[in-house]
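S.K.: So that you have it, the file is input-v9.txt, and it contains compact mmCIF, C-alpha atoms and all ligand atoms:
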# COMPACT_ATOMS: atom_id res chain seq x y z
CA MET A 1 0.00 0.00 0.00
CA ALA A 2 1.33 3.46 -0.93
CA LYS A 3 2.33 5.59 2.05
CA GLU A 4 -0.67 7.64 3.09
CA LYS A 5 -1.05 10.29 5.75
CA ILE A 6 -4.67 10.84 6.70
CA LEU A 7 -6.38 13.80 8.38
CA VAL A 8 -9.75 13.08 10.04
CA ILE A 9 -11.74 16.29 10.64
CA GLY A 10 -14.47 15.90 13.26
CA ALA A 11 -12.64 12.95 14.83
CA SER A 12 -14.21 13.36 18.27
CA GLY A 13 -17.75 12.80 16.95
CA GLN A 14 -19.95 9.72 16.75
CA ILE A 15 -18.40 8.37 13.54
CA GLY A 16 -15.03 10.09 13.88
CA VAL A 17 -13.85 8.18 16.95
CA GLU A 18 -14.53 4.75 15.48
CA LEU A 19 -13.37 5.64 11.97
CA THR A 20 -10.11 7.12 13.30
CA LEU A 21 -9.40 3.98 15.34
CA ALA A 22 -10.20 1.76 12.33
CA LEU A 23 -7.97 3.82 10.00
CA ARG A 24 -5.14 3.71 12.55
CA LYS A 25 -5.31 -0.09 12.50
CA ILE A 26 -4.93 -0.09 8.71
CA TYR A 27 -2.48 2.77 8.10
CA GLY A 28 -0.60 2.86 11.43
CA ASN A 29 -1.25 5.11 14.42
CA ALA A 30 1.23 7.82 13.42
CA ASN A 31 -0.25 8.11 9.92
CA VAL A 32 -3.78 9.08 10.98
CA VAL A 33 -4.06 12.59 12.43
CA ALA A 34 -7.27 13.14 14.40
CA SER A 35 -8.63 16.69 14.56
CA ASP A 36 -11.69 18.43 15.96
CA LEU A 37 -12.98 21.73 17.24
CA ARG A 38 -13.69 20.13 20.60
CA GLU A 39 -11.23 18.32 22.80
CA GLU A 40 -9.80 14.93 21.91
CA ASN A 41 -12.22 12.11 22.69
CA GLU A 42 -11.11 9.89 25.60
CA LEU A 43 -11.09 6.80 23.36
CA LEU A 44 -8.58 8.44 21.00
CA LYS A 45 -6.15 9.59 23.68
CA GLY A 46 -2.77 7.89 23.40
CA SER A 47 -3.63 6.13 20.14
CA GLY A 48 -2.10 8.66 17.72
CA PRO A 49 -1.62 12.34 16.83
CA TYR A 50 -4.33 14.91 17.59
CA VAL A 51 -4.60 18.55 16.51
CA SER A 52 -7.18 21.12 17.48
CA LEU A 53 -8.62 22.48 14.23
CA ASP A 54 -11.57 24.51 12.95
CA VAL A 55 -12.50 23.42 9.41
CA MET A 56 -13.88 26.92 8.81
CA ASN A 57 -10.39 28.38 9.20
CA LYS A 58 -9.13 27.53 5.72
CA GLU A 59 -5.66 29.00 6.24
CA MET A 60 -4.97 26.98 9.36
CA LEU A 61 -6.38 23.86 7.73
CA HIS A 62 -4.12 24.41 4.73
CA VAL A 63 -1.10 24.88 7.01
CA GLN A 64 -1.85 21.61 8.80
CA VAL A 65 -2.25 19.72 5.51
CA ILE A 66 1.16 20.97 4.31
CA ARG A 67 2.93 20.66 7.67
CA GLN A 68 1.73 17.11 8.27
CA ASN A 69 2.22 15.96 4.65
CA ILE A 70 -1.43 14.93 4.45
CA THR A 71 -2.46 12.81 1.44
CA GLN A 72 -6.11 12.06 2.33
CA ILE A 73 -8.82 13.92 4.24
CA TYR A 74 -11.92 12.42 5.88
CA LEU A 75 -14.28 15.33 6.57
CA LEU A 76 -16.85 14.48 9.26
CA ALA A 77 -17.51 17.90 10.80
CA ALA A 78 -21.16 18.88 10.23
CA ILE A 79 -24.38 19.91 11.93
CA LEU A 80 -26.97 17.12 11.72
CA SER A 81 -30.67 17.18 10.92
CA ALA A 82 -32.37 17.99 14.23
CA THR A 83 -29.76 20.50 15.44
CA GLY A 84 -29.70 22.06 11.96
CA GLU A 85 -33.38 23.00 12.18
CA LYS A 86 -32.62 25.03 15.32
CA ASN A 87 -30.00 27.12 13.54
CA PRO A 88 -30.39 26.77 9.76
CA GLY A 89 -27.90 29.53 8.90
CA LEU A 90 -25.13 27.98 10.96
CA ALA A 91 -25.85 24.47 9.60
CA TRP A 92 -25.69 25.71 6.01
CA HIS A 93 -22.52 27.69 6.68
CA LEU A 94 -20.59 24.87 8.37
CA ASN A 95 -21.83 22.05 6.14
CA MET A 96 -21.11 23.96 2.90
CA GLN A 97 -18.06 26.09 3.66
CA GLY A 98 -16.32 23.27 5.55
CA LEU A 99 -16.68 21.04 2.48
CA LEU A 100 -15.60 23.76 0.03
CA ASN A 101 -12.50 24.50 2.14
CA VAL A 102 -11.50 20.83 2.06
CA LEU A 103 -12.22 20.37 -1.65
CA ASP A 104 -10.23 23.49 -2.53
CA ILE A 105 -7.22 22.39 -0.50
CA ALA A 106 -7.48 18.88 -1.97
CA ARG A 107 -7.34 20.40 -5.45
CA GLU A 108 -4.46 22.77 -4.65
CA GLU A 109 -2.36 20.17 -2.83
CA LYS A 110 -3.30 17.34 -5.22
CA LEU A 111 -4.42 15.07 -2.36
CA ASN A 112 -4.87 11.40 -3.23
CA LYS A 113 -8.42 11.07 -1.85
CA VAL A 114 -11.15 12.85 0.09
CA TYR A 115 -14.04 11.25 1.99
CA TRP A 116 -17.19 13.22 2.83
CA PRO A 117 -20.45 11.64 4.01
CA SER A 118 -23.85 12.59 2.72
CA SER A 119 -27.09 11.26 4.23
CA ILE A 120 -30.49 9.74 3.56
CA ALA A 121 -31.64 13.25 4.52
CA VAL A 122 -31.13 14.30 0.89
CA PHE A 123 -34.43 12.55 0.16
CA GLY A 124 -37.70 14.35 0.76
CA PRO A 125 -41.42 13.67 0.84
CA THR A 126 -41.59 13.26 -2.97
CA SER A 127 -38.93 10.50 -3.02
CA PRO A 128 -40.15 6.87 -3.02
CA LYS A 129 -40.79 5.67 0.56
CA LYS A 130 -39.72 2.07 0.05
CA ASN A 131 -36.44 0.89 -1.50
CA CYS A 132 -35.63 4.45 -2.49
CA PRO A 133 -33.32 4.21 -5.53
CA GLN A 134 -29.92 5.79 -6.15
CA GLN A 135 -31.37 8.19 -8.70
CA THR A 136 -34.85 9.52 -8.05
CA ILE A 137 -36.79 12.68 -7.20
CA ILE A 138 -34.77 14.48 -4.53
CA GLU A 139 -36.47 17.42 -2.80
CA PRO A 140 -35.17 17.68 0.79
CA ILE A 141 -37.10 19.76 3.34
CA THR A 142 -34.44 20.20 6.05
CA VAL A 143 -31.47 22.58 5.86
CA TYR A 144 -29.30 19.55 6.62
CA GLY A 145 -30.73 17.66 3.62
CA ILE A 146 -30.36 20.70 1.37
CA SER A 147 -26.72 21.12 2.44
CA LYS A 148 -25.98 17.43 1.84
CA TYR A 149 -27.57 17.46 -1.62
CA ALA A 150 -25.67 20.61 -2.61
CA GLY A 151 -22.51 19.06 -1.15
CA GLU A 152 -22.96 15.95 -3.30
CA PHE A 153 -22.94 18.12 -6.42
CA TRP A 154 -19.87 20.04 -5.25
CA CYS A 155 -18.08 16.69 -4.85
CA ASN A 156 -19.13 15.66 -8.34
CA TYR A 157 -18.04 19.06 -9.69
CA PHE A 158 -14.58 18.89 -8.12
CA HIS A 159 -14.16 15.38 -9.46
CA GLN A 160 -15.28 16.22 -13.01
CA ARG A 161 -13.58 19.59 -13.28
CA TYR A 162 -10.38 19.18 -11.24
CA GLY A 163 -9.98 15.41 -10.95
CA VAL A 164 -10.27 15.39 -7.15
CA ASP A 165 -10.87 11.76 -6.07
CA VAL A 166 -13.66 12.53 -3.61
CA ARG A 167 -15.96 9.69 -2.54
CA SER A 168 -19.15 9.70 -0.55
CA ILE A 169 -21.85 7.57 1.08
CA ARG A 170 -25.41 8.54 2.01
CA TYR A 171 -25.35 7.07 5.50
CA PRO A 172 -28.63 5.99 7.06
CA GLY A 173 -29.16 6.55 10.82
CA LEU A 174 -26.09 5.17 12.57
CA ILE A 175 -26.30 3.30 15.86
CA SER A 176 -23.28 2.95 18.14
CA TYR A 177 -22.20 2.80 21.76
CA LYS A 178 -18.63 4.21 21.78
CA SER A 179 -19.28 7.91 21.28
CA ALA A 180 -22.46 9.95 21.66
CA PRO A 181 -24.55 10.98 18.63
CA GLY A 182 -24.46 14.60 17.48
CA GLY A 183 -28.10 15.75 17.15
CA GLY A 184 -29.82 13.69 14.46
CA THR A 185 -33.42 12.55 14.03
CA THR A 186 -32.33 8.91 14.18
CA ASP A 187 -30.67 9.41 17.60
CA TYR A 188 -33.74 7.87 19.29
CA ALA A 189 -32.41 4.44 18.26
CA ILE A 190 -29.33 5.06 20.44
CA GLU A 191 -31.07 6.82 23.35
CA ILE A 192 -33.50 3.91 23.67
CA PHE A 193 -30.68 1.51 24.64
CA HIS A 194 -29.25 3.89 27.27
CA GLU A 195 -32.68 4.55 28.78
CA ALA A 196 -33.63 0.86 28.71
CA LEU A 197 -30.52 -0.03 30.72
CA GLU A 198 -30.71 2.93 33.11
CA HIS A 199 -34.47 3.39 33.66
CA LYS A 200 -36.18 0.46 31.93
CA HIS A 201 -38.32 3.07 30.20
CA TYR A 202 -38.00 5.32 27.14
CA LYS A 203 -40.09 8.28 26.03
CA CYS A 204 -39.68 8.24 22.26
CA PHE A 205 -39.77 11.47 20.22
CA LEU A 206 -41.03 9.60 17.13
CA LYS A 207 -44.31 7.71 16.62
CA GLU A 208 -44.27 3.94 17.09
CA ASP A 209 -44.71 3.13 13.38
CA THR A 210 -41.99 5.47 12.00
CA TYR A 211 -39.78 3.25 9.84
CA LEU A 212 -36.33 4.63 8.98
CA PRO A 213 -33.20 3.23 7.30
CA MET A 214 -30.57 2.40 9.94
CA MET A 215 -27.14 0.80 10.21
CA TYR A 216 -24.91 -0.46 13.01
CA MET A 217 -21.59 1.42 13.26
CA PRO A 218 -19.30 -1.53 12.41
CA ASP A 219 -21.14 -1.82 9.08
CA ALA A 220 -20.81 1.94 8.47
CA ILE A 221 -17.07 1.80 9.12
CA SER A 222 -16.72 -1.22 6.88
CA ALA A 223 -18.68 0.51 4.07
CA THR A 224 -16.52 3.63 4.35
CA ILE A 225 -13.24 1.75 4.22
CA ARG A 226 -14.43 -0.53 1.42
CA LEU A 227 -15.48 2.49 -0.68
CA MET A 228 -12.22 4.34 -0.02
CA GLU A 229 -10.10 1.29 -0.89
CA ALA A 230 -11.98 0.46 -4.09
CA PRO A 231 -10.09 1.10 -7.36
CA ALA A 232 -11.13 4.47 -8.85
CA GLU A 233 -12.53 2.77 -11.97
CA LYS A 234 -15.12 0.98 -9.79
CA ILE A 235 -16.60 4.27 -8.59
CA SER A 236 -19.45 5.12 -10.96
CA VAL A 237 -21.20 7.54 -8.58
CA ARG A 238 -19.34 10.77 -7.82
CA THR A 239 -22.22 12.44 -5.99
CA SER A 240 -22.91 9.95 -3.16
CA TYR A 241 -23.79 6.26 -2.88
CA ASN A 242 -26.96 4.88 -1.29
CA VAL A 243 -25.99 2.23 1.29
CA SER A 244 -28.44 0.36 3.46
CA ALA A 245 -28.63 -2.33 6.10
CA ILE A 246 -31.74 -2.37 8.33
CA SER A 247 -35.13 -0.65 8.45
CA PHE A 248 -37.19 -0.69 11.66
CA SER A 249 -39.67 1.35 13.69
CA PRO A 250 -39.51 2.43 17.36
CA LYS A 251 -42.10 -0.26 18.14
CA GLU A 252 -39.93 -2.96 16.57
CA ILE A 253 -36.70 -1.93 18.29
CA ALA A 254 -38.59 -1.72 21.61
CA ALA A 255 -39.85 -5.30 21.09
CA GLU A 256 -36.29 -6.41 20.40
CA ILE A 257 -35.02 -4.75 23.60
CA LYS A 258 -37.86 -6.38 25.57
CA LYS A 259 -36.42 -9.78 24.64
CA HIS A 260 -33.36 -8.85 26.74
CA ILE A 261 -35.05 -6.60 29.35
CA PRO A 262 -38.59 -8.02 29.80
CA ASP A 263 -39.88 -5.16 32.01
CA PHE A 264 -38.76 -2.43 29.55
CA THR A 265 -41.58 -0.04 28.61
CA ILE A 266 -41.90 2.71 25.99
CA ASN A 267 -44.30 5.58 25.38
CA TYR A 268 -44.47 7.99 22.46
CA SER A 269 -44.40 11.77 22.51
CA PRO A 270 -43.57 12.94 18.97
CA ASP A 271 -41.94 16.38 18.61
CA TYR A 272 -40.59 18.48 15.69
CA ARG A 273 -38.38 15.57 14.64
CA GLN A 274 -41.44 13.56 13.53
CA ALA A 275 -41.89 15.79 10.47
CA ILE A 276 -38.23 15.31 9.54
CA ALA A 277 -38.52 11.52 9.89
CA ASP A 278 -41.77 11.49 7.90
CA SER A 279 -40.03 13.25 5.02
CA TRP A 280 -37.38 10.50 4.66
CA PRO A 281 -37.68 7.11 2.97
CA GLN A 282 -38.35 4.04 5.11
CA SER A 283 -35.83 1.90 3.25
CA ILE A 284 -33.11 2.37 0.65
CA ASP A 285 -32.09 0.49 -2.50
CA ASP A 286 -28.30 0.26 -2.46
CA SER A 287 -27.80 -2.12 -5.40
CA VAL A 288 -25.43 0.31 -7.16
CA ALA A 289 -23.00 0.28 -4.18
CA ARG A 290 -23.31 -3.50 -3.92
CA ASN A 291 -22.51 -3.92 -7.63
CA ASP A 292 -19.79 -1.26 -7.90
CA TRP A 293 -17.60 -2.00 -4.89
CA GLY A 294 -19.06 -5.10 -3.28
CA TRP A 295 -20.83 -3.47 -0.33
CA LYS A 296 -22.68 -5.83 2.01
CA HIS A 297 -23.87 -5.41 5.57
CA GLU A 298 -23.51 -7.83 8.46
CA TYR A 299 -25.78 -6.70 11.31
CA ASP A 300 -29.56 -7.09 11.42
CA LEU A 301 -31.81 -5.65 14.14
CA SER A 302 -31.41 -8.58 16.51
CA ALA A 303 -27.60 -8.89 16.18
CA MET A 304 -27.20 -5.12 16.58
CA SER A 305 -29.48 -4.92 19.66
CA ALA A 306 -27.71 -7.81 21.40
CA ASP A 307 -24.32 -6.21 20.73
CA MET A 308 -25.46 -2.76 21.91
CA LEU A 309 -26.87 -4.12 25.19
CA GLN A 310 -23.80 -6.23 25.83
CA ASN A 311 -21.40 -3.33 25.29
CA LEU A 312 -23.22 -0.46 26.95
P1 LIG A 401 -21.04 14.38 15.23
O1 LIG A 401 -21.84 15.61 15.48
O2 LIG A 401 -21.10 13.29 16.25
O3 LIG A 401 -19.52 14.75 15.00
C1 LIG A 401 -19.12 15.87 14.27
C2 LIG A 401 -17.82 16.37 14.86
O4 LIG A 401 -17.42 17.52 14.13
C3 LIG A 401 -17.96 16.80 16.34
O5 LIG A 401 -16.99 16.16 17.13
C4 LIG A 401 -17.73 18.31 16.28
O6 LIG A 401 -17.05 18.83 17.42
C5 LIG A 401 -16.88 18.46 15.04
N1 LIG A 401 -16.96 19.81 14.47
C6 LIG A 401 -18.04 20.62 14.42
N2 LIG A 401 -17.72 21.80 13.87
C7 LIG A 401 -16.40 21.72 13.55
C8 LIG A 401 -15.49 22.62 12.96
N3 LIG A 401 -15.87 23.85 12.59
N4 LIG A 401 -14.21 22.21 12.78
C9 LIG A 401 -13.81 20.98 13.16
N5 LIG A 401 -14.64 20.08 13.75
C10 LIG A 401 -15.91 20.45 13.94
O7 LIG A 401 -21.48 13.84 13.80
P2 LIG A 401 -21.37 12.34 13.23
O8 LIG A 401 -22.63 11.64 13.55
O9 LIG A 401 -20.09 11.75 13.62
O10 LIG A 401 -21.42 12.65 11.67
C11 LIG A 401 -20.25 12.76 10.89
C12 LIG A 401 -20.67 12.98 9.45
O11 LIG A 401 -21.51 11.90 9.02
C13 LIG A 401 -21.50 14.25 9.22
O12 LIG A 401 -21.20 14.78 7.95
C14 LIG A 401 -22.91 13.74 9.21
O13 LIG A 401 -23.76 14.57 8.47
C15 LIG A 401 -22.74 12.40 8.53
N6 LIG A 401 -23.84 11.48 8.82
C16 LIG A 401 -24.02 10.98 10.08
C17 LIG A 401 -25.07 10.11 10.34
C18 LIG A 401 -25.31 9.53 11.71
O14 LIG A 401 -26.32 8.84 11.92
N7 LIG A 401 -24.43 9.77 12.68
C19 LIG A 401 -25.94 9.76 9.30
C20 LIG A 401 -25.75 10.32 8.05
C21 LIG A 401 -24.67 11.15 7.80
N1 LIG A 402 -28.64 10.32 11.46
C1 LIG A 402 -28.70 11.49 10.68
C2 LIG A 402 -29.70 12.45 11.22
O1 LIG A 402 -30.67 11.99 11.79
C3 LIG A 402 -29.04 11.17 9.25
O2 LIG A 402 -28.21 11.92 8.47
O3 LIG A 402 -29.53 13.62 11.07
Let me see whether you can do it: turn the structure in this file into structure tokens.
M.R.:
Amino acid sequence: MAKEKILVIGASGQIGVELTLALRKIYGNANVVASDLREENELLKGSGPYVSLDVMNKEMLHVQVIRQNITQIYLLAAILSATGEKNPGLAWHLNMQGLLNVLDIAREEKLNKVYWPSSIAVFGPTSPKKNCPQQTIIEPITVYGISKYAGEFWCNYFHQRYGVDVRSIRYPGLISYKSAPGGGTTDYAIEIFHEALEHKHYKCFLKEDTYLPMMYMPDAISATIRLMEAPAEKISVRTSYNVSAISFSPKEIAAEIKKHIPDFTINYSPDYRQAIADSWPQSIDDSVARNDWGWKHEYDLSAMSADMLQNL
């Protein structure tokens, strides 16, 4: 493998911690520089280099890329769907300008690769609800979804016009136990495990029959690494790939938890996040990713729930 030096931006977040640790296993601890606006996550401490960095400060980012001889950037800093609706201007600014800063530096410094995640939030109420295809009507209603859809086209633009090898996945809701989620609509599927273990009860902010596409974090990490390691000629989508694993509702995940904690109870008190969830598809068709670079998932609802409860 060619010598790579990777910068992970947003490394202290829900995905960043686990992705940084996984990349360090592959490329060596010293070759994966973690960075974030907030302090280094406890799980990263002692496992490799860390720099404090604001992706909005393009000059400082550029200096770090040159100083550390960076060859690849994984950009994870963003404001997610639920938090984004509270401050749309800030979400747009960070999600767009952060990406443009990285793409510009990647072009100028001729970086080998860039990774930037999109989301199922690009889809809106006019997209198909079931098995939503790679290419379809896309009319997002959240500022987060709008920023992700625009970002996908910036990635495609930088690839077509400047040859930047930028790759992307539309993650579904990600479920994990190592680091806390950052303010998404799918966060209920993480909170429910914590509350089940601590209080044997969960008050859910979505209705019981709200189906959403979800994925366990080990599958998300595996998809990301598989995509980034695929030969460039296998990448037919330069906007962002649909990937999927599981689709379930709050009622179904509660029933699964009850198998392990029989006296667990749940009630439903939908809030503003219900409208966001209702605008997204219930399940995703990811056949293009499966055909192009051999994506396949491992965890279903029952395997994921058992693993979450065992590890929390
Ligand atoms: P997160 O909120 O947990 O982590 C984001 C990290 O970025 C945080 O540690 C934050 O401190 C950092 N950050 C924020 N502003 C920054 C700045 N200006 N400079 C540097 N760092 C900054 O988010 P996450 O869940 O890990 O998501 C990572 C990426 O994956 C995002 O682009 C998100 O949209 C996407 N995504 C996540 C999910 C999911 O379910 N978690 C689903 C779809 C897409
Ligand atoms: N999990 C994310 C969210 O709910 C989807 O991008 O915002």
S.K.: Let me have all residues with an atom within 7 Å of ligand LIG 402 (chain A), counting all atoms listed in the file, laid out as JSON, numbers by chain.
M.R.: {"A": [80, 81, 82, 119, 120, 121, 171, 172, 173, 174, 183, 184, 185, 186, 187]}
S.K.: Using only C-alpha atoms and all ligand atoms, which residues have at least one atom no more than 9 Å from ligand LIG 401 (chain A)? Output them as number ranges by chain.
M.R.: A: 9-17, 35-41, 52-57, 75-81, 94-95, 98, 116-121, 144, 148, 169-176, 179-187, 214-215, 217
S.K.: Using all atoms listed in the file, which protein or nucleic acid residues come within 10 Å of Trp154 in chain A? Drop anything in the same chain fewer than 6 positions from it, and give the result as a ChimeraX atom specification.
M.R.: /A:96,99-100,103,148,160,166,238-239
S.K.: Suppose you want the space between CA of Arg226 in chain A and CA of Tyr74 in chain A; what is it in Å?
M.R.: 13.9 Å
S.K.: Using only C-alpha atoms, find the one residue out of A:Lys25, A:His93, A:Lys200, A:Lys251 that sits nearest to Tyr268 in chain A.
M.R.: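 The closest residue to Tyr268 in chain A is A:Lys251.
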S.K.: List as a list of chain:residue names: which residues have an atom within 10 Å of (-39.3, 3.8, 20.6), counting all atoms listed in the file?
M.R.: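 Looking at atoms near the point gives A:Tyr188, A:Ala189, A:Glu191, A:Ile192, A:Phe193, A:His201, A:Tyr202, A:Lys203, A:Cys204, A:Phe205, A:Leu206, A:Lys207, A:Glu208, A:Asp209, A:Thr210, A:Ser249, A:Pro250, A:Lys251, A:Glu252, A:Ile253, A:Ala254, A:Ala255, A:Thr265, A:Ile266, A:Asn267, A:Tyr268, A:Ser269.
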S.K.: Quick check, in Å to one decimal: how far apart do CA of Pro133 in chain A and CA of Gln274 in chain A lie?
M.R.: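 Distance between the two atoms: 22.7 Å.
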S.K.: Kindly provide the residues of range 89-124 of chain A that approach range 68-71 of chain A to within 9 Å, each paired with its closest atom pair and their distance in Å to one decimal, based on all atoms listed in the file, listed by chain and increasing number, as JSON lines.
M.R.:
{"residue": "A:Ala106", "atom": "CA", "partner": "A:Thr71", "partner_atom": "CA", "distance": 8.6}
{"residue": "A:Glu109", "atom": "CA", "partner": "A:Thr71", "partner_atom": "CA", "distance": 8.5}
{"residue": "A:Lys110", "atom": "CA", "partner": "A:Thr71", "partner_atom": "CA", "distance": 8.1}
{"residue": "A:Leu111", "atom": "CA", "partner": "A:Thr71", "partner_atom": "CA", "distance": 4.8}
{"residue": "A:Asn112", "atom": "CA", "partner": "A:Thr71", "partner_atom": "CA", "distance": 5.4}
{"residue": "A:Lys113", "atom": "CA", "partner": "A:Thr71", "partner_atom": "CA", "distance": 7.0}
{"residue": "A:Val114", "atom": "CA", "partner": "A:Thr71", "partner_atom": "CA", "distance": 8.8}
S.K.: Find, counting only C-alpha atoms, the residue in A:Lys5, A:Lys45, A:His62, A:His260 that gets nearest to Val32 in chain A.
M.R.: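 When distances to Val32 in chain A are compared using only C-alpha atoms, the smallest one comes from A:Lys5.
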S.K.: Taking into account all atoms listed in the file, which residue in the set A:Val122, A:Val63, A:Ile221, A:Ile6 is nearest to Ser240 in chain A?
M.R.: A:Val122
S.K.: What's the separation between CA of Arg167 in chain A and CA of Glu152 in chain A, in Å to one decimal place?
M.R.: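 Atom-to-atom, CA of Arg167 in chain A to CA of Glu152 in chain A, that is 9.4 Å.
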S.K.: Looking at all atoms listed in the file, which of A:Leu19, A:Ser222, A:Ala196, A:Asn311 is the one that sits closest to Pro262 in chain A?
M.R.: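 Of A:Leu19, A:Ser222, A:Ala196, A:Asn311, the one nearest Pro262 in chain A is A:Ala196, counting all atoms listed in the file.
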S.K.: Would you fill out range 159-166 of chain A with all heavy atoms and return it as a PDB file, in the frame of the given file?
M.R.:
ATOM      1  N   HIS A 159     -14.704  16.567  -8.801  1.00  0.00           N
ATOM      2  CA  HIS A 159     -14.160  15.380  -9.460  1.00  0.00           C
ATOM      3  C   HIS A 159     -14.094  15.603 -10.971  1.00  0.00           C
ATOM      4  O   HIS A 159     -13.048  15.373 -11.594  1.00  0.00           O
ATOM      5  CB  HIS A 159     -15.012  14.145  -9.131  1.00  0.00           C
ATOM      6  CG  HIS A 159     -14.544  12.939  -9.879  1.00  0.00           C
ATOM      7  ND1 HIS A 159     -13.337  12.324  -9.607  1.00  0.00           N
ATOM      8  CD2 HIS A 159     -15.078  12.260 -10.928  1.00  0.00           C
ATOM      9  CE1 HIS A 159     -13.156  11.319 -10.442  1.00  0.00           C
ATOM     10  NE2 HIS A 159     -14.191  11.263 -11.254  1.00  0.00           N
ATOM     11  N   GLN A 160     -15.217  16.048 -11.551  1.00  0.00           N
ATOM     12  CA  GLN A 160     -15.280  16.220 -13.010  1.00  0.00           C
ATOM     13  C   GLN A 160     -14.325  17.311 -13.486  1.00  0.00           C
ATOM     14  O   GLN A 160     -13.625  17.143 -14.474  1.00  0.00           O
ATOM     15  CB  GLN A 160     -16.697  16.608 -13.469  1.00  0.00           C
ATOM     16  CG  GLN A 160     -17.812  15.641 -13.092  1.00  0.00           C
ATOM     17  CD  GLN A 160     -17.631  14.250 -13.691  1.00  0.00           C
ATOM     18  OE1 GLN A 160     -16.943  14.087 -14.689  1.00  0.00           O
ATOM     19  NE2 GLN A 160     -18.217  13.248 -13.058  1.00  0.00           N
ATOM     20  N   ARG A 161     -14.317  18.436 -12.770  1.00  0.00           N
ATOM     21  CA  ARG A 161     -13.580  19.590 -13.280  1.00  0.00           C
ATOM     22  C   ARG A 161     -12.091  19.559 -12.925  1.00  0.00           C
ATOM     23  O   ARG A 161     -11.251  19.931 -13.738  1.00  0.00           O
ATOM     24  CB  ARG A 161     -14.224  20.873 -12.737  1.00  0.00           C
ATOM     25  CG  ARG A 161     -13.476  22.101 -13.133  1.00  0.00           C
ATOM     26  CD  ARG A 161     -14.329  23.258 -13.497  1.00  0.00           C
ATOM     27  NE  ARG A 161     -13.457  24.288 -14.055  1.00  0.00           N
ATOM     28  CZ  ARG A 161     -13.705  25.559 -14.031  1.00  0.00           C
ATOM     29  NH1 ARG A 161     -14.833  25.985 -13.517  1.00  0.00           N
ATOM     30  NH2 ARG A 161     -12.858  26.427 -14.532  1.00  0.00           N
ATOM     31  N   TYR A 162     -11.781  19.097 -11.692  1.00  0.00           N
ATOM     32  CA  TYR A 162     -10.380  19.180 -11.240  1.00  0.00           C
ATOM     33  C   TYR A 162      -9.752  17.808 -10.983  1.00  0.00           C
ATOM     34  O   TYR A 162      -8.599  17.736 -10.563  1.00  0.00           O
ATOM     35  CB  TYR A 162     -10.295  19.996  -9.943  1.00  0.00           C
ATOM     36  CG  TYR A 162     -10.899  21.378 -10.048  1.00  0.00           C
ATOM     37  CD1 TYR A 162     -11.983  21.745  -9.256  1.00  0.00           C
ATOM     38  CD2 TYR A 162     -10.383  22.320 -10.944  1.00  0.00           C
ATOM     39  CE1 TYR A 162     -12.541  23.011  -9.341  1.00  0.00           C
ATOM     40  CE2 TYR A 162     -10.940  23.588 -11.037  1.00  0.00           C
ATOM     41  CZ  TYR A 162     -12.023  23.929 -10.240  1.00  0.00           C
ATOM     42  OH  TYR A 162     -12.574  25.180 -10.336  1.00  0.00           O
ATOM     43  N   GLY A 163     -10.534  16.747 -11.158  1.00  0.00           N
ATOM     44  CA  GLY A 163      -9.980  15.410 -10.950  1.00  0.00           C
ATOM     45  C   GLY A 163      -9.763  15.034  -9.495  1.00  0.00           C
ATOM     46  O   GLY A 163      -9.004  14.106  -9.196  1.00  0.00           O
ATOM     47  N   VAL A 164     -10.418  15.753  -8.567  1.00  0.00           N
ATOM     48  CA  VAL A 164     -10.270  15.390  -7.150  1.00  0.00           C
ATOM     49  C   VAL A 164     -10.984  14.048  -6.916  1.00  0.00           C
ATOM     50  O   VAL A 164     -12.149  13.885  -7.283  1.00  0.00           O
ATOM     51  CB  VAL A 164     -10.878  16.482  -6.222  1.00  0.00           C
ATOM     52  CG1 VAL A 164     -10.828  16.037  -4.763  1.00  0.00           C
ATOM     53  CG2 VAL A 164     -10.138  17.805  -6.414  1.00  0.00           C
ATOM     54  N   ASP A 165     -10.281  13.088  -6.316  1.00  0.00           N
ATOM     55  CA  ASP A 165     -10.870  11.760  -6.070  1.00  0.00           C
ATOM     56  C   ASP A 165     -11.645  11.807  -4.750  1.00  0.00           C
ATOM     57  O   ASP A 165     -11.187  11.329  -3.714  1.00  0.00           O
ATOM     58  CB  ASP A 165      -9.766  10.701  -6.028  1.00  0.00           C
ATOM     59  CG  ASP A 165     -10.348   9.288  -5.972  1.00  0.00           C
ATOM     60  OD1 ASP A 165     -11.587   9.145  -5.843  1.00  0.00           O
ATOM     61  OD2 ASP A 165      -9.551   8.324  -6.047  1.00  0.00           O
ATOM     62  N   VAL A 166     -12.829  12.406  -4.812  1.00  0.00           N
ATOM     63  CA  VAL A 166     -13.660  12.530  -3.610  1.00  0.00           C
ATOM     64  C   VAL A 166     -14.781  11.496  -3.700  1.00  0.00           C
ATOM     65  O   VAL A 166     -15.385  11.313  -4.743  1.00  0.00           O
ATOM     66  CB  VAL A 166     -14.188  13.983  -3.417  1.00  0.00           C
ATOM     67  CG1 VAL A 166     -14.805  14.550  -4.660  1.00  0.00           C
ATOM     68  CG2 VAL A 166     -15.160  14.071  -2.248  1.00  0.00           C
TER      69      VAL A 166
END
